[in-house]
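A short worksheet on the structure shown next.
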Amino acid sequence: MYNFLLGLHSGLRYIVLLLLALAIVLSVTALFGKKDYTQTNRKVNLFAMIATHTQLLAGLILYFVSPFVQYGNMGEAMKNTVTRYWTVEHAVLMLFAVALITVGHARSKKGDIAINKHRAIALYYGLAVLVIVVAIYQSGRPLLGMSMGNP
């Protein structure tokens with residue numbers, strides 16, 4: 001089960017990053033081009049958020065079956081940098097990124113004019129991608145690489 005979840009979680013990141021990048025590019029180009037907020041914008045933004053929440057669910061399940069997560073003995077987990085990363089840092093950073101995406105999507109829905117909708121997506125989704133890239137970089141794993149043996 002662990003290997004399946006790890007493969008799913010690792011593979012989903014490509015979809016998440018692709019959809020987030022697409023949403024950001026569409027919103028930035030529309031923002032600078034002073035374009036309307038279209039159904040395409042709405043759908044891409046929504047699918048990016050759905051993919052991110054799906055990734056979160058896979059990650060939460062993986063958190064409880066991973067041999068690299070030691071939530072039972074936090075004192076010992078904090079002493080080991082690898083264990084601390086997978087037990088605390090990765091989860092906190094990714095939860096923060098998901099929160100940014102969720103807030104950005106909500107703000108874009110509540111925006112009264114197109115520029116505010118595009119700005120919300122560009123800002124919040126952009127910050128979320130920054131947090132995701134930092135979290136992946138901290139793991140020591142390649143951003144676009146996939147490893148089945150280690151988390």
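For the structure tokens, the naming scheme is as follows: chains receive sequential letters (A, B, ...) according to their order of presentation, residues are indexed from 1 within each chain, and ligands are indexed from 1 in presentation order.
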Problem set entry | All helix (DSSP H, G or I) positions in segment 7-150 of chain A, as a ChimeraX atom specification | /A:7-32,39-65,74-79,81-110,114-138
Problem set entry | Within 10 Å of segment 123-126 of chain A using only C-alpha atoms, minus same-chain residues under 6 positions, as a PyMOL selection string | chain A and resi 20-21+23-25+27-28+45+48-49+97-105+107-108+132
Using the selection just defined, write its residues with C-alpha atoms as a tab-separated table (two decimals), in the first residue's frame.
chain	number	residue	atom	x	y	z
A	20	LEU	CA	-1.16	25.67	-11.08
A	21	ALA	CA	1.32	26.92	-13.68
A	23	ALA	CA	-3.74	29.00	-13.91
A	24	ILE	CA	-0.97	31.46	-13.03
A	25	VAL	CA	0.02	32.05	-16.66
A	27	SER	CA	-4.25	34.98	-14.84
A	28	VAL	CA	-1.05	36.99	-15.32
A	45	ASN	CA	-8.56	27.57	-11.43
A	48	ALA	CA	-6.05	23.30	-10.04
A	49	MET	CA	-7.70	23.55	-6.63
A	97	ALA	CA	0.28	25.89	0.18
A	98	VAL	CA	-3.14	24.21	0.00
A	99	ALA	CA	-4.57	26.93	2.26
A	100	LEU	CA	-3.15	29.62	-0.06
A	101	ILE	CA	-4.72	27.94	-3.08
A	102	THR	CA	-8.06	27.58	-1.33
A	103	VAL	CA	-8.08	31.22	-0.21
A	104	GLY	CA	-7.01	32.37	-3.68
A	105	HIS	CA	-9.81	30.43	-5.32
A	107	ARG	CA	-11.18	35.34	-3.36
A	108	SER	CA	-11.34	34.94	-7.14
A	132	ILE	CA	5.65	23.96	-2.88
Exercise. What's the 9 Å shell around segment 50-63 of chain A, counting only C-alpha atoms, without same-chain residues fewer than 2 positions away, as a PyMOL selection string?
Worked result: chain A and resi 2+5-6+8-9+12-13+15-17+19-20+45-48+65-69+86-87+91+94-95+98+101-102
Problem set entry | Atom-to-atom span, atom CA of Thr83 of chain A and atom CA of Tyr14 of chain A, Å | 24.4 Å
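Atom CA of Val133 of chain A to atom CA of Val88 of chain A spans 16.5 Å [interatomic distance, one decimal].
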For this session: Could you check which of A:His90, A:Arg42, A:Lys34, A:Lys110 is closest to Val134 of chain A, using only C-alpha atoms?
Result: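 Among the listed residues, the smallest separation from Val134 of chain A belongs to A:His90.
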Problem set entry | Coordinates-based distance that separates atom CA of Phe96 of chain A from atom CA of Ala128 of chain A (Å, one decimal) |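 Separation of atom CA of Ala128 of chain A and atom CA of Phe96 of chain A: 7.7 Å.
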